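Just protein.json here, JSON, C-alpha atoms and all ligand atoms:
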[["chain", "number", "residue", "atom", "x", "y", "z"],
["A", 1, "MET", "CA", 238.92, 194.07, 385.86],
["A", 2, "ASP", "CA", 240.47, 194.71, 382.46],
["A", 3, "LYS", "CA", 240.24, 197.92, 380.48],
["A", 4, "LYS", "CA", 237.42, 196.75, 378.21],
["A", 5, "GLN", "CA", 235.32, 195.62, 381.17],
["A", 6, "GLN", "CA", 235.93, 198.91, 382.95],
["A", 7, "LEU", "CA", 234.73, 200.83, 379.89],
["A", 8, "GLU", "CA", 231.66, 198.62, 379.65],
["A", 9, "GLU", "CA", 230.88, 199.12, 383.35],
["A", 10, "ASN", "CA", 231.16, 202.89, 382.84],
["A", 11, "LEU", "CA", 228.84, 202.77, 379.85],
["A", 12, "GLU", "CA", 226.39, 200.65, 381.83],
["A", 13, "ALA", "CA", 226.45, 203.08, 384.76],
["A", 14, "ILE", "CA", 225.91, 206.09, 382.47],
["A", 15, "GLY", "CA", 223.14, 204.39, 380.49],
["A", 16, "MET", "CA", 221.31, 203.37, 383.66],
["A", 17, "ARG", "CA", 221.53, 206.91, 385.04],
["A", 18, "LEU", "CA", 220.15, 208.23, 381.73],
["A", 19, "GLU", "CA", 217.21, 205.80, 381.97],
["A", 20, "GLU", "CA", 216.24, 207.76, 385.10],
["A", 21, "GLY", "CA", 216.76, 211.25, 383.65],
["A", 22, "LYS", "CA", 219.53, 213.76, 382.96],
["A", 23, "ILE", "CA", 223.11, 213.42, 384.10],
["A", 24, "THR", "CA", 226.10, 215.78, 384.00],
["A", 25, "SER", "CA", 229.79, 214.96, 383.78],
["A", 26, "ASP", "CA", 230.27, 216.45, 387.27],
["A", 27, "GLU", "CA", 227.70, 214.06, 388.73],
["A", 28, "LEU", "CA", 229.34, 211.15, 386.95],
["A", 29, "GLU", "CA", 232.71, 212.15, 388.30],
["A", 30, "MET", "CA", 231.27, 212.12, 391.82],
["A", 31, "SER", "CA", 230.04, 208.59, 391.24],
["A", 32, "GLY", "CA", 233.55, 207.50, 390.29],
["A", 33, "ILE", "CA", 233.83, 207.92, 386.51],
["A", 34, "SER", "CA", 236.86, 210.10, 385.84],
["A", 35, "ASP", "CA", 237.04, 212.96, 383.35],
["A", 36, "ALA", "CA", 239.72, 211.01, 381.49],
["A", 37, "ASP", "CA", 237.32, 208.07, 381.07],
["A", 38, "LEU", "CA", 234.57, 210.41, 379.87],
["A", 39, "TYR", "CA", 236.88, 212.09, 377.33],
["A", 40, "GLU", "CA", 237.93, 208.70, 376.05],
["A", 41, "MET", "CA", 234.29, 207.65, 375.60],
["A", 42, "ARG", "CA", 233.58, 210.93, 373.84],
["A", 43, "ASP", "CA", 236.56, 210.47, 371.51],
["A", 44, "ASN", "CA", 235.35, 206.96, 370.73],
["A", 45, "GLY", "CA", 231.95, 208.32, 369.71],
["A", 46, "ILE", "CA", 230.09, 206.69, 372.62],
["A", 47, "ILE", "CA", 228.87, 209.82, 374.41],
["A", 48, "THR", "CA", 228.47, 213.54, 373.83],
["A", 49, "VAL", "CA", 228.96, 216.25, 376.45],
["A", 50, "ASP", "CA", 227.28, 219.61, 375.79],
["A", 51, "SER", "CA", 228.29, 223.07, 377.05],
["A", 52, "ASP", "CA", 226.20, 222.57, 380.23],
["A", 53, "LYS", "CA", 228.12, 219.34, 380.84],
["A", 54, "ASN", "CA", 225.04, 217.22, 380.13],
["A", 55, "VAL", "CA", 226.09, 213.75, 379.04],
["A", 56, "ALA", "CA", 224.13, 211.87, 376.37],
["A", 57, "LEU", "CA", 224.67, 208.60, 374.52],
["A", 58, "THR", "CA", 225.32, 208.70, 370.77],
["A", 59, "SER", "CA", 223.37, 206.16, 368.71],
["A", 60, "LYS", "CA", 226.49, 203.98, 368.74],
["A", 61, "GLY", "CA", 226.67, 204.34, 372.53],
["A", 62, "GLN", "CA", 222.97, 203.57, 372.89],
["A", 63, "GLY", "CA", 223.37, 200.44, 370.78],
["A", 64, "GLU", "CA", 226.30, 199.22, 372.88],
["A", 65, "PHE", "CA", 224.44, 200.03, 376.09],
["A", 66, "ASN", "CA", 221.36, 198.10, 374.91],
["A", 67, "THR", "CA", 223.50, 195.04, 374.17],
["A", 68, "LEU", "CA", 225.15, 195.19, 377.60],
["A", 69, "ILE", "CA", 222.06, 195.86, 379.64],
["A", 70, "ARG", "CA", 220.15, 193.19, 377.73],
["A", 71, "ARG", "CA", 222.76, 190.60, 378.78],
["A", 72, "HIS", "CA", 222.83, 191.94, 382.33],
["A", 73, "ARG", "CA", 219.05, 191.81, 382.77],
["A", 74, "LEU", "CA", 218.66, 188.42, 381.07],
["A", 75, "ALA", "CA", 221.35, 187.08, 383.40],
["A", 76, "GLU", "CA", 219.33, 188.45, 386.34],
["A", 77, "ARG", "CA", 216.24, 186.65, 385.05],
["A", 78, "LEU", "CA", 218.18, 183.44, 384.56],
["A", 79, "MET", "CA", 219.49, 183.58, 388.11],
["A", 80, "SER", "CA", 216.27, 184.56, 389.83],
["A", 81, "ASP", "CA", 213.88, 182.33, 387.84],
["A", 82, "ILE", "CA", 215.92, 179.22, 387.13],
["A", 83, "LEU", "CA", 218.74, 179.20, 389.67],
["A", 84, "ASN", "CA", 216.92, 180.86, 392.59],
["A", 85, "ILE", "CA", 219.79, 183.27, 393.18],
["A", 86, "GLY", "CA", 218.72, 186.72, 394.30],
["A", 87, "GLY", "CA", 219.98, 189.89, 395.94],
["A", 88, "GLU", "CA", 223.59, 191.02, 395.83],
["A", 89, "SER", "CA", 224.85, 187.71, 394.54],
["A", 90, "MET", "CA", 222.54, 188.02, 391.52],
["A", 91, "GLU", "CA", 223.72, 191.58, 390.91],
["A", 92, "LYS", "CA", 227.40, 190.67, 391.07],
["A", 93, "HIS", "CA", 227.11, 187.68, 388.76],
["A", 94, "ALA", "CA", 224.87, 189.51, 386.29],
["A", 95, "CYS", "CA", 227.62, 192.12, 385.99],
["A", 96, "GLU", "CA", 230.15, 189.38, 385.22],
["A", 97, "PHE", "CA", 227.92, 187.63, 382.71],
["A", 98, "GLU", "CA", 227.28, 190.73, 380.66],
["A", 99, "HIS", "CA", 230.93, 190.94, 379.58],
["A", 100, "ILE", "CA", 231.27, 187.36, 378.42],
["A", 101, "LEU", "CA", 227.97, 186.27, 376.86],
["A", 102, "SER", "CA", 228.10, 185.92, 373.07],
["A", 103, "THR", "CA", 225.13, 186.90, 370.91],
["A", 104, "ASP", "CA", 224.26, 183.23, 370.34],
["A", 105, "ILE", "CA", 224.26, 182.36, 374.02],
["A", 106, "THR", "CA", 222.31, 185.49, 374.87],
["A", 107, "GLU", "CA", 219.63, 184.52, 372.35],
["A", 108, "SER", "CA", 219.48, 180.96, 373.71],
["A", 109, "ILE", "CA", 219.00, 182.26, 377.24],
["A", 110, "CYS", "CA", 216.36, 184.74, 376.06],
["A", 111, "THR", "CA", 214.50, 181.95, 374.25],
["A", 112, "LEU", "CA", 214.65, 179.55, 377.21],
["A", 113, "LEU", "CA", 213.25, 182.31, 379.41],
["A", 114, "GLY", "CA", 210.38, 182.98, 376.99],
["A", 115, "HIS", "CA", 211.74, 186.33, 375.68],
["A", 116, "PRO", "CA", 211.11, 188.27, 378.91],
["A", 117, "THR", "CA", 210.53, 192.00, 378.57],
["A", 118, "THR", "CA", 211.51, 193.06, 382.09],
["A", 119, "CYS", "CA", 214.20, 192.16, 384.62],
["A", 120, "PRO", "CA", 213.39, 191.16, 388.23],
["A", 121, "HIS", "CA", 213.63, 194.86, 389.17],
["A", 122, "GLY", "CA", 210.96, 195.77, 386.60],
["A", 123, "LYS", "CA", 213.44, 197.46, 384.23],
["A", 124, "ALA", "CA", 213.02, 196.99, 380.48],
["A", 125, "ILE", "CA", 215.10, 194.36, 378.66],
["A", 126, "PRO", "CA", 215.88, 195.63, 375.13],
["A", 127, "PRO", "CA", 214.63, 193.01, 372.63],
["A", 128, "GLY", "CA", 217.10, 191.01, 370.54],
["A", 129, "GLY", "CA", 216.81, 189.32, 367.16],
["A", 130, "CYS", "CA", 215.36, 186.19, 368.80],
["A", 131, "CYS", "CA", 212.44, 188.14, 370.26],
["A", 132, "SER", "CA", 211.05, 189.29, 366.92],
["A", 133, "ASN", "CA", 211.77, 186.07, 365.02],
["A", 134, "ARG", "CA", 210.48, 183.85, 367.79],
["A", 135, "ARG", "CA", 212.62, 181.07, 366.40],
["A", 136, "ARG", "CA", 211.28, 177.71, 367.42],
["A", 137, "GLU", "CA", 214.42, 175.54, 367.51],
["A", 138, "LEU", "CA", 214.52, 175.75, 371.28],
["A", 139, "GLU", "CA", 211.57, 174.80, 373.42],
["A", 140, "PRO", "CA", 211.29, 177.60, 375.99],
["A", 141, "LEU", "CA", 211.46, 176.59, 379.65],
["A", 142, "ILE", "CA", 209.47, 179.61, 380.63],
["A", 143, "LEU", "CA", 206.65, 181.08, 378.65],
["A", 144, "PRO", "CA", 203.70, 183.41, 378.95],
["A", 145, "LEU", "CA", 200.54, 181.70, 380.20],
["A", 146, "ASP", "CA", 198.70, 182.49, 376.98],
["A", 147, "SER", "CA", 201.20, 180.32, 375.05],
["A", 148, "LEU", "CA", 200.11, 177.13, 376.82],
["A", 149, "SER", "CA", 197.62, 174.89, 375.03],
["A", 150, "ALA", "CA", 194.38, 173.71, 376.59],
["A", 151, "GLY", "CA", 195.15, 170.95, 379.09],
["A", 152, "GLU", "CA", 198.67, 172.21, 379.79],
["A", 153, "GLY", "CA", 199.71, 173.62, 383.12],
["A", 154, "GLY", "CA", 202.52, 175.66, 384.58],
["A", 155, "LYS", "CA", 203.91, 177.10, 387.77],
["A", 156, "ILE", "CA", 203.85, 180.89, 387.94],
["A", 157, "LEU", "CA", 207.37, 182.32, 388.15],
["A", 158, "TYR", "CA", 206.67, 185.99, 387.86],
["A", 159, "ILE", "CA", 204.15, 188.49, 386.62],
["A", 160, "SER", "CA", 205.62, 191.10, 384.32],
["A", 161, "THR", "CA", 203.37, 194.09, 384.68],
["A", 162, "ARG", "CA", 204.06, 197.64, 385.78],
["A", 163, "ASP", "CA", 200.38, 197.99, 386.51],
["A", 164, "HIS", "CA", 200.32, 197.72, 390.31],
["A", 165, "TYR", "CA", 196.55, 197.68, 390.43],
["A", 166, "ARG", "CA", 196.45, 194.68, 388.13],
["A", 167, "LEU", "CA", 199.23, 192.95, 390.05],
["A", 168, "ASP", "CA", 197.43, 193.45, 393.38],
["A", 169, "LYS", "CA", 194.24, 192.13, 391.87],
["A", 170, "LEU", "CA", 195.90, 188.99, 390.53],
["A", 171, "THR", "CA", 197.68, 188.41, 393.84],
["A", 172, "SER", "CA", 194.48, 188.91, 395.84],
["A", 173, "ILE", "CA", 192.74, 186.11, 393.94],
["A", 174, "GLY", "CA", 195.73, 183.81, 394.44],
["A", 175, "LEU", "CA", 197.59, 184.20, 391.15],
["A", 176, "MET", "CA", 201.16, 184.78, 392.30],
["A", 177, "PRO", "CA", 204.60, 183.22, 391.95],
["A", 178, "GLY", "CA", 204.42, 179.58, 393.02],
["A", 179, "THR", "CA", 200.77, 179.04, 392.05],
["A", 180, "ILE", "CA", 200.12, 176.09, 389.73],
["A", 181, "VAL", "CA", 197.74, 177.14, 386.99],
["A", 182, "LYS", "CA", 196.20, 175.06, 384.24],
["A", 183, "VAL", "CA", 194.69, 176.18, 380.95],
["A", 184, "HIS", "CA", 191.19, 174.73, 380.81],
["A", 185, "GLN", "CA", 190.16, 176.11, 377.42],
["A", 186, "LYS", "CA", 191.39, 178.77, 374.99],
["A", 187, "GLN", "CA", 188.30, 179.17, 372.82],
["A", 188, "PRO", "CA", 185.95, 181.04, 372.76],
["A", 189, "ALA", "CA", 187.62, 182.62, 375.81],
["A", 190, "LEU", "CA", 190.67, 181.74, 377.86],
["A", 191, "VAL", "CA", 189.69, 179.90, 381.04],
["A", 192, "VAL", "CA", 192.26, 178.90, 383.64],
["A", 193, "LEU", "CA", 192.08, 176.68, 386.71],
["A", 194, "PHE", "CA", 194.08, 177.12, 389.89],
["A", 195, "ASP", "CA", 193.52, 175.92, 393.44],
["A", 196, "GLU", "CA", 189.72, 175.58, 393.57],
["A", 197, "THR", "CA", 189.14, 178.46, 391.20],
["A", 198, "THR", "CA", 187.96, 178.61, 387.60],
["A", 199, "LEU", "CA", 188.65, 181.97, 386.02],
["A", 200, "SER", "CA", 188.06, 183.43, 382.60],
["A", 201, "MET", "CA", 190.92, 185.73, 381.75],
["A", 202, "ASP", "CA", 191.87, 188.31, 379.12],
["A", 203, "THR", "CA", 194.66, 187.03, 376.87],
["A", 204, "GLU", "CA", 196.39, 190.35, 377.41],
["A", 205, "ILE", "CA", 196.65, 189.64, 381.14],
["A", 206, "ALA", "CA", 197.73, 186.04, 380.57],
["A", 207, "ARG", "CA", 200.56, 187.32, 378.38],
["A", 208, "ASP", "CA", 202.13, 189.02, 381.42],
["A", 209, "ILE", "CA", 202.08, 185.87, 383.55],
["A", 210, "TYR", "CA", 205.26, 183.85, 382.99],
["A", 211, "VAL", "CA", 205.11, 180.18, 383.91],
["A", 212, "ARG", "CA", 207.45, 177.25, 383.91],
["A", 213, "LYS", "CA", 205.60, 174.61, 381.93],
["A", 214, "LEU", "CA", 204.77, 171.41, 383.81],
["A", 215, "LYS", "CA", 205.25, 168.05, 382.15],
["A", 216, "ASN", "CA", 201.88, 166.45, 381.51],
["B", 301, "ZN", "ZN", 227.67, 195.51, 385.03],
["B", 302, "ZN", "ZN", 217.49, 194.37, 387.06],
["B", 303, "ZN", "ZN", 214.38, 186.91, 372.73]]

Turn the structure described in the file into structure tokens.
Ligand SMILES: [Zn+2]
Ligand SMILES: [Zn+2]
Ligand SMILES: [Zn+2]
Amino acid sequence: MDKKQQLEENLEAIGMRLEEGKITSDELEMSGISDADLYEMRDNGIITVDSDKNVALTSKGQGEFNTLIRRHRLAERLMSDILNIGGESMEKHACEFEHILSTDITESICTLLGHPTTCPHGKAIPPGGCCSNRRRELEPLILPLDSLSAGEGGKILYISTRDHYRLDKLTSIGLMPGTIVKVHQKQPALVVLFDETTLSMDTEIARDIYVRKLKN
């Protein structure tokens, strides 16, 4: 691993720890990030260390972390949803991808995946320029169920909700990854068909259900 990659891995590790709560330089040292590395990041304006040794990201550091973790988590989505690669292999390759993806490629992947907001572990994916513009040059391969038109169908890939109650409820009626679901009508209310079931559904719920569109 070259120097730049090592620094990026350190930033990623620190940022992910900070997503969970506080972290001190001593704790980081125990997890393998040396004092010398931390000083270098501080001198480069990436992190601050206060008198209690609490480490924080500067706004520059936060921006760089968001870019990295966005690539990492989009790569995870790409592997789990399109390539069916999971587990440790997914983790390892996601960590390689994050160092090499350009902004353009990252935005293409994000668009193909339907601008996902969470990774397969349920962690947030920071949005990129493509997510707000919703540029239409690329037809997404994966999109939220509420984006399908009446008559179109898709196979559920994942449901992006942190609401466990809602997830359990959807699963219990048979809406889960692998289910083929068709949009019956969108007006006056969204109605979907799957298996033998006809269900009227809130658009807000449909927005969390990501499908791979089926060719009609
Ligand atoms: Zn990594
Ligand atoms: Zn993840
Ligand atoms: Zn996007």

Please measure the separation of atom CA of A:Glu152 and atom CA of A:Cys110, giving the value in Å to one decimal.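 Computing it gives 22.0 Å between the two atoms.
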
Atomic separation - atom CA of A:Thr118 relative to atom CA of A:Gly61, Å: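 Between atom CA of A:Gly61 and atom CA of A:Thr118 the gap works out to 21.2 Å.
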
For ligand ZN 301 (chain B), return the neighbouring residues as a PyMOL selection string (distance at most 12 Å; all atoms listed in the file). chain A and resi 1+4-16+65+67-73+75-76+90-100

Residue nearest ligand ZN 303 (chain B) - candidates A:Thr171, A:Gln187, A:Ser200, A:Thr106, atoms counted: only C-alpha atoms and all ligand atoms: A:Thr106

Between A:Lys215, A:Leu175, A:Thr111, A:Lys60, which residue has the minimum interatomic distance to A:Met201, considering all atoms listed in the file?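 The answer is A:Leu175, which sits nearest to A:Met201.
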
Using all atoms listed in the file, can you tell me which of A:Ile33, A:Ile209, A:Cys119, A:Leu148 comes closest to A:Arg166?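 Counting all atoms listed in the file, the residue closest to A:Arg166 is A:Ile209.
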
Would you kindly place N, CA and C atoms on stretch 19-34 of chain A and return the model as a compact mmCIF listing (two decimals), in the coordinates of the input?
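Written out: result-v2.txt:
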# COMPACT_ATOMS: atom_id res chain seq x y z
N GLU A 19 218.57 206.37 381.97
CA GLU A 19 217.21 205.80 381.97
C GLU A 19 216.33 206.53 382.99
N GLU A 20 216.98 207.08 384.03
CA GLU A 20 216.24 207.76 385.10
C GLU A 20 216.05 209.24 384.82
N GLY A 21 216.87 209.82 383.93
CA GLY A 21 216.76 211.25 383.65
C GLY A 21 218.08 211.81 383.15
N LYS A 22 218.31 213.11 383.44
CA LYS A 22 219.53 213.76 382.96
C LYS A 22 220.72 213.44 383.86
N ILE A 23 221.92 213.60 383.29
CA ILE A 23 223.11 213.42 384.10
C ILE A 23 224.23 214.31 383.55
N THR A 24 224.99 214.94 384.44
CA THR A 24 226.10 215.78 384.00
C THR A 24 227.43 215.07 384.26
N SER A 25 228.47 215.57 383.59
CA SER A 25 229.79 214.96 383.78
C SER A 25 230.27 215.13 385.22
N ASP A 26 229.88 216.26 385.87
CA ASP A 26 230.27 216.45 387.27
C ASP A 26 229.67 215.37 388.17
N GLU A 27 228.37 215.09 387.92
CA GLU A 27 227.70 214.06 388.73
C GLU A 27 228.33 212.69 388.50
N LEU A 28 228.71 212.44 387.24
CA LEU A 28 229.34 211.15 386.95
C LEU A 28 230.69 211.04 387.63
N GLU A 29 231.41 212.17 387.66
CA GLU A 29 232.71 212.15 388.30
C GLU A 29 232.56 211.83 389.79
N MET A 30 231.50 212.40 390.40
CA MET A 30 231.27 212.12 391.82
C MET A 30 230.96 210.65 392.06
N SER A 31 230.34 210.00 391.04
CA SER A 31 230.04 208.59 391.24
C SER A 31 231.19 207.70 390.76
N GLY A 32 232.34 208.31 390.49
CA GLY A 32 233.55 207.50 390.29
C GLY A 32 234.00 207.32 388.86
N ILE A 33 233.37 208.02 387.90
CA ILE A 33 233.83 207.92 386.51
C ILE A 33 234.67 209.16 386.22
N SER A 34 235.95 208.96 385.96
CA SER A 34 236.86 210.10 385.84
C SER A 34 236.64 210.88 384.55
